[in-house]
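Taking it in order: structure first as structure tokens, then the write-up.
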Amino acid sequence: LTPPGWAPRRVLDLCSGSGAQGLHAAAVFSQFQRTTVTLVDLNPRAVRFAKANVLMNGLPRVSIFAGRLYDALPQVCDGPVCELTGGRYDLILANPPYVPSVGIGQLFVAGGPTGESVTEVVIRGARAALAPGGRLMLVANLANVHQAFPAKAEAWWRGEALEEAQDVDVMFDVMHGDVWTAEEYAGNFIGPDDTMRQYRRHLLNVGIGSMTNGFIFARRKPDSAPGRVLLSAPGRGWGAAGNRAQGGGGSRCKGRVRGVPGLWHALVDVSSSRHDQALASVAAMLSDSVPVACAPAPDCPCIRCVCRPRVL
């Protein structure tokens with residue numbers, strides 16, 4: 001999913017679990033002698049599995065740390081690669097806990113009231129950790145994806161340090177699969193009917209109208225410094241060289257949201273009839289040169305379900 005010939009110097013995999021994403025990146029970029037990969041997970045058992053997978057696959061230049069996201073990383077970064085990147089990362093991967101939770105359930109899936117608590121921390125911390133020209137790729141369940149989701153992600157990135165009126169040095173895109181109403185999503189809850197109804201009420205009470213699975217992609221301006229504010233007109237995109245492209249009917253959207261039916265499984269299942277289409281759609285969204293016009297959000301975000309009135 002990265003541009004041809006692009007090789008990150010440092011890769012960070014947060015909420016790495018057994019290391020599937022980070023170790024795949026280590027294998028893909030192993031031809032480049034400079035690429036290093038760092039895995040971080042809070043679960044000691046996941047860390048042990050990741051270490052075993054590193055050893056079984058014989059992957060070089062992989063480090064593993066136990067702890068909470070960016071807090072688990074060493075405070076000092078040594079070596080020539082660190083000097084080139086300023087101790088930051090060219091590629092940050094994350095598969096955080098994303099299920100809306102009510103204080104119960106397993107830690108590896110519990111994502112806070114709306115399912116976005118860990119996702120927000122990952123994006124907020126990336127502002128200091130992502131190198132100029134770097135990319136963030138996060139996979140999770142997404143709440144209310146058609147309600148200006150890229151703007152919400154940008155607000156997480158901005159934090160409290162920047163004013164809302166100022167444009168930031170990052171661009172967010174979102175690609176998602178089928179969308180479910182809160183009722184449909186709660187219907188997948190495993191447990192007694194009363195507990196399922198409580199869970200549905202929880203989703204509606206915290207403002208979740210729909211849920212989907214998908215990806216958040218972020219790209220940082222190549223010549224940006226950590227936290228630097230770009231005072232440029234909103235609604236414009238960057239070209240491959242990092243320059244802002246003029247807005248208009250055929251311009252690159254500042255933040256795109258695109259749905260692809262069955263996206264999640266179509267991407268990972270190479271035998272799926274939609275695999276090539278899904279892969280091409282993601283590649284096009286990650287491209288710097290493909291012109292895409294901004295489209296208004298639909299009145300009803302559902303794809304395969306029927307939008308119904310919110311009922312408690």
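So you can find residues: chains in the structure tokens are A, B, ... in the order shown, residues in each start at 1, and ligands are numbered from 1 in order.
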Requested in this report: Determine, counting only C-alpha atoms, which protein, DNA and RNA residues have an atom within 9 Å of an atom of Thr2 in chain A; residues of the same chain fewer than 3 positions away are not included. Present the result as a list in words.
Outcome: Gly5, Trp6, Ala7, Arg135, Ala283, Leu286 and Ser287 of chain A
Report task. Point out the residue among A:Asp169, A:Asp90, A:Asp71, A:Asp193 with the least atom-to-atom distance to Val121 in chain A, counting only C-alpha atoms. Result -> A:Asp71
**Report entry** Length of the CA of Leu142 in chain A to CA of Leu203 in chain A vector [Å]
**Finding:**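 Computing the Euclidean distance for CA of Leu142 in chain A and CA of Leu203 in chain A yields 12.7 Å.
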**Report entry** From A:Pro8, A:Pro97, A:Pro132, A:Pro113, residue lying nearest Arg201 in chain A [only C-alpha atoms]
**Finding:** A:Pro113
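In this model, the gap between CA of Phe65 in chain A and CA of Thr114 in chain A comes to 27.3 Å.
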Excluding range 24-35 of chain A and residues on its chain fewer than 3 positions from it, collect all residues at most 10 Å away from it, counting only C-alpha atoms, and give them as a tab-separated table (two decimals) with N, CA and C atoms, in the first residue's frame.
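The resulting file, out06.tsv, is reproduced below:
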chain	number	residue	atom	x	y	z
A	6	TRP	N	9.24	3.50	-2.22
A	6	TRP	CA	9.30	4.21	-0.94
A	6	TRP	C	9.72	3.25	0.16
A	7	ALA	N	10.73	3.63	0.91
A	7	ALA	CA	11.23	2.76	1.98
A	7	ALA	C	11.33	3.56	3.28
A	8	PRO	N	10.53	3.24	4.26
A	8	PRO	CA	10.61	3.95	5.55
A	8	PRO	C	11.90	3.60	6.26
A	9	ARG	N	12.48	4.59	6.92
A	9	ARG	CA	13.69	4.33	7.70
A	9	ARG	C	13.35	3.72	9.04
A	10	ARG	N	12.27	4.18	9.66
A	10	ARG	CA	11.83	3.64	10.95
A	10	ARG	C	10.34	3.37	10.89
A	11	VAL	N	9.93	2.17	11.34
A	11	VAL	CA	8.53	1.76	11.35
A	11	VAL	C	8.12	1.50	12.80
A	12	LEU	N	6.94	1.99	13.18
A	12	LEU	CA	6.41	1.77	14.53
A	12	LEU	C	5.06	1.09	14.41
A	13	ASP	N	4.90	-0.04	15.09
A	13	ASP	CA	3.63	-0.77	15.11
A	13	ASP	C	3.07	-0.71	16.53
A	19	GLY	N	2.26	-9.11	16.34
A	19	GLY	CA	3.21	-8.49	15.43
A	19	GLY	C	2.88	-8.61	13.96
A	20	ALA	N	1.65	-8.99	13.61
A	20	ALA	CA	1.31	-9.26	12.21
A	20	ALA	C	1.64	-8.08	11.29
A	21	GLN	N	1.23	-6.86	11.67
A	21	GLN	CA	1.46	-5.72	10.79
A	21	GLN	C	2.93	-5.32	10.75
A	38	THR	N	9.78	-1.24	15.15
A	38	THR	CA	9.54	-1.28	16.59
A	38	THR	C	8.10	-1.69	16.86
A	54	VAL	N	9.17	-13.11	15.69
A	54	VAL	CA	10.41	-12.52	15.17
A	54	VAL	C	11.47	-13.61	15.01
A	57	ASN	N	10.69	-16.16	12.16
A	57	ASN	CA	10.81	-15.62	10.81
A	57	ASN	C	12.20	-15.05	10.52
A	58	GLY	N	13.07	-15.04	11.53
A	58	GLY	CA	14.43	-14.57	11.32
A	58	GLY	C	14.51	-13.14	10.81
A	59	LEU	N	13.67	-12.26	11.36
A	59	LEU	CA	13.63	-10.89	10.88
A	59	LEU	C	14.64	-10.01	11.62
A	60	PRO	N	15.48	-9.28	10.90
A	60	PRO	CA	16.48	-8.42	11.55
A	60	PRO	C	15.92	-7.05	11.90
A	61	ARG	N	16.62	-6.34	12.73
A	61	ARG	CA	16.35	-4.94	13.07
A	61	ARG	C	14.91	-4.73	13.58
A	62	VAL	N	14.44	-5.64	14.46
A	62	VAL	CA	13.12	-5.52	15.07
A	62	VAL	C	13.27	-5.40	16.58
A	80	PRO	N	22.67	6.18	13.39
A	80	PRO	CA	22.58	7.07	12.21
A	80	PRO	C	21.15	7.26	11.71
A	81	VAL	N	20.31	6.22	11.79
A	81	VAL	CA	18.92	6.36	11.34
A	81	VAL	C	18.19	7.38	12.19
A	90	ASP	N	8.89	7.10	10.03
A	90	ASP	CA	8.36	7.36	8.69
A	90	ASP	C	7.02	6.65	8.48
A	91	LEU	N	6.80	5.57	9.20
A	91	LEU	CA	5.55	4.81	9.04
A	91	LEU	C	5.08	4.35	10.42
A	93	LEU	N	2.03	2.19	12.18
A	93	LEU	CA	0.92	1.26	11.98
A	93	LEU	C	0.20	1.09	13.31
Requested in this report: Determine, counting only C-alpha atoms, which protein, DNA and RNA residues have an atom within 7 Å of an atom of Ala140 in chain A; residues of the same chain fewer than 2 positions away are not included. Present the result as an MDAnalysis selection string.
Outcome: chainID A and resid 95:96 98 138 142 213:215
Requested in this report: Rounded to one decimal place, report the CA of Gln198 in chain A-CA of Ala186 in chain A distance in Å.
Outcome: 9.2 Å
Requested in this report: Choose the residue, out of A:Pro100, A:Asp269, A:Asp276, A:Ala129, that has the smallest atom-to-atom separation from Gln75 in chain A; count only C-alpha atoms.
Outcome: A:Ala129
**Report entry** For His176 in chain A: contacts at 9 Å, only C-alpha atoms, fewer than 4 positions along chain excluded, given as a VMD selection string
**Finding:** chain A and resid 141 to 142 145 212 to 216 257 to 264
Could the residues in this selection be written to a file with all heavy atoms, as a CSV table (one decimal), in the first residue's frame?
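Output file out07.csv follows:
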chain,number,residue,atom,x,y,z
A,141,ASN,N,-12.6,-0.3,14.0
A,141,ASN,CA,-14.0,0.1,13.8
A,141,ASN,C,-14.1,1.6,13.9
A,141,ASN,O,-13.5,2.2,14.8
A,141,ASN,CB,-14.9,-0.6,14.8
A,141,ASN,CG,-15.3,-2.1,14.4
A,141,ASN,OD1,-16.1,-2.7,15.0
A,141,ASN,ND2,-14.6,-2.6,13.4
A,142,LEU,N,-15.0,2.2,13.1
A,142,LEU,CA,-15.1,3.6,13.1
A,142,LEU,C,-16.6,4.0,13.4
A,142,LEU,O,-17.5,3.4,12.7
A,142,LEU,CB,-14.7,4.2,11.7
A,142,LEU,CG,-13.3,3.7,11.2
A,142,LEU,CD1,-13.1,4.3,9.8
A,142,LEU,CD2,-12.2,4.1,12.1
A,145,VAL,N,-19.0,7.3,10.6
A,145,VAL,CA,-17.9,7.6,9.6
A,145,VAL,C,-18.2,8.8,8.7
A,145,VAL,O,-17.3,9.4,8.1
A,145,VAL,CB,-17.6,6.3,8.8
A,145,VAL,CG1,-18.7,5.9,7.9
A,145,VAL,CG2,-16.3,6.5,8.1
A,212,THR,N,-18.7,1.0,11.4
A,212,THR,CA,-18.2,0.3,10.2
A,212,THR,C,-16.8,-0.1,10.6
A,212,THR,O,-16.2,0.4,11.5
A,212,THR,CB,-18.2,1.2,9.0
A,212,THR,OG1,-17.7,0.5,7.9
A,212,THR,CG2,-17.3,2.5,9.2
A,213,ASN,N,-16.2,-1.0,9.7
A,213,ASN,CA,-14.8,-1.3,9.9
A,213,ASN,C,-14.0,-0.6,8.7
A,213,ASN,O,-14.6,-0.4,7.6
A,213,ASN,CB,-14.5,-2.8,9.9
A,213,ASN,CG,-15.3,-3.5,8.8
A,213,ASN,OD1,-15.3,-3.0,7.6
A,213,ASN,ND2,-15.8,-4.6,9.0
A,214,GLY,N,-12.9,-0.1,9.0
A,214,GLY,CA,-12.2,0.6,8.0
A,214,GLY,C,-10.8,1.1,8.4
A,214,GLY,O,-10.2,0.6,9.4
A,215,PHE,N,-10.2,2.0,7.6
A,215,PHE,CA,-8.9,2.4,7.7
A,215,PHE,C,-8.8,3.9,7.8
A,215,PHE,O,-9.5,4.6,7.1
A,215,PHE,CB,-8.0,2.0,6.5
A,215,PHE,CG,-8.0,0.5,6.3
A,215,PHE,CD1,-9.0,-0.1,5.4
A,215,PHE,CD2,-7.1,-0.3,6.9
A,215,PHE,CE1,-9.0,-1.4,5.2
A,215,PHE,CE2,-7.2,-1.7,6.7
A,215,PHE,CZ,-8.1,-2.3,5.8
A,216,ILE,N,-7.9,4.4,8.6
A,216,ILE,CA,-7.6,5.9,8.7
A,216,ILE,C,-6.2,6.0,8.2
A,216,ILE,O,-5.2,5.4,8.7
A,216,ILE,CB,-7.7,6.4,10.1
A,216,ILE,CG1,-9.1,6.2,10.7
A,216,ILE,CG2,-7.3,7.9,10.2
A,216,ILE,CD1,-9.2,6.6,12.2
A,257,VAL,N,-13.7,10.4,2.4
A,257,VAL,CA,-14.3,9.3,3.0
A,257,VAL,C,-14.9,8.4,1.9
A,257,VAL,O,-15.7,8.9,1.1
A,257,VAL,CB,-15.4,9.7,4.0
A,257,VAL,CG1,-16.1,8.4,4.5
A,257,VAL,CG2,-14.8,10.5,5.1
A,258,ARG,N,-14.5,7.2,1.8
A,258,ARG,CA,-15.0,6.4,0.7
A,258,ARG,C,-15.3,5.0,1.2
A,258,ARG,O,-14.6,4.4,2.0
A,258,ARG,CB,-13.9,6.2,-0.4
A,258,ARG,CG,-14.4,5.4,-1.6
A,258,ARG,CD,-13.4,5.3,-2.7
A,258,ARG,NE,-13.9,4.5,-3.8
A,258,ARG,CZ,-13.3,4.2,-4.9
A,258,ARG,NH1,-12.1,4.7,-5.1
A,258,ARG,NH2,-13.8,3.5,-5.9
A,259,GLY,N,-16.5,4.5,0.8
A,259,GLY,CA,-16.9,3.2,1.2
A,259,GLY,C,-16.7,2.1,0.1
A,259,GLY,O,-17.0,2.4,-1.1
A,260,VAL,N,-16.3,1.0,0.4
A,260,VAL,CA,-16.1,-0.2,-0.5
A,260,VAL,C,-16.8,-1.4,0.1
A,260,VAL,O,-16.3,-1.9,1.2
A,260,VAL,CB,-14.6,-0.5,-0.8
A,260,VAL,CG1,-14.5,-1.7,-1.7
A,260,VAL,CG2,-13.9,0.7,-1.4
A,261,PRO,N,-17.9,-1.9,-0.4
A,261,PRO,CA,-18.6,-3.0,0.2
A,261,PRO,C,-17.6,-4.2,0.4
A,261,PRO,O,-16.9,-4.6,-0.5
A,261,PRO,CB,-19.7,-3.4,-0.9
A,261,PRO,CG,-19.9,-2.1,-1.6
A,261,PRO,CD,-18.5,-1.4,-1.6
A,262,GLY,N,-17.7,-4.8,1.6
A,262,GLY,CA,-16.9,-5.9,1.9
A,262,GLY,C,-15.4,-5.7,2.0
A,262,GLY,O,-14.6,-6.6,1.8
A,263,LEU,N,-15.0,-4.4,2.2
A,263,LEU,CA,-13.6,-4.0,2.1
A,263,LEU,C,-12.7,-4.8,3.0
A,263,LEU,O,-11.7,-5.3,2.5
A,263,LEU,CB,-13.5,-2.5,2.6
A,263,LEU,CG,-12.1,-2.0,2.7
A,263,LEU,CD1,-11.4,-1.9,1.3
A,263,LEU,CD2,-12.0,-0.6,3.4
A,264,TRP,N,-13.1,-5.0,4.2
A,264,TRP,CA,-12.2,-5.7,5.2
A,264,TRP,C,-11.8,-7.1,4.7
A,264,TRP,O,-10.6,-7.4,4.6
A,264,TRP,CB,-13.0,-5.8,6.5
A,264,TRP,CG,-12.1,-6.1,7.7
A,264,TRP,CD1,-11.4,-7.3,8.0
A,264,TRP,CD2,-11.8,-5.2,8.8
A,264,TRP,NE1,-10.8,-7.1,9.2
A,264,TRP,CE2,-11.0,-5.9,9.7
A,264,TRP,CE3,-12.2,-3.9,9.1
A,264,TRP,CZ2,-10.6,-5.3,10.9
A,264,TRP,CZ3,-11.8,-3.3,10.2
A,264,TRP,CH2,-10.9,-4.0,11.1
Report task. Looking only at helix (DSSP H, G or I) from DSSP on the backbone, list the matching residues of range 157-207 of chain A as a list in words. Result ->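 Written out, the helix (DSSP H, G or I) residues of range 157-207 of chain A are Trp157, Arg158, Ala182, Glu183, Glu184, Tyr185, Ala186, Asp193, Asp194, Thr195, Met196, Arg197, Gln198, Tyr199, Arg200, Arg201, His202, Leu203, Leu204 and Asn205 of chain A.
Nearest-residue note for Thr36 in chain A: choosing from A:Gly87, A:Pro3, A:Gly112, A:Gly187, the minimum distance belongs to A:Gly87, counting only C-alpha atoms.
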Requested in this report: Going by DSSP on the backbone, which bits of range 11-219 of chain A are strand (DSSP E)? Write them as number ranges by chain, please.
Outcome: A: 11-14, 36-41, 62-66, 89-94, 130-143, 167-168, 170-181, 210-219
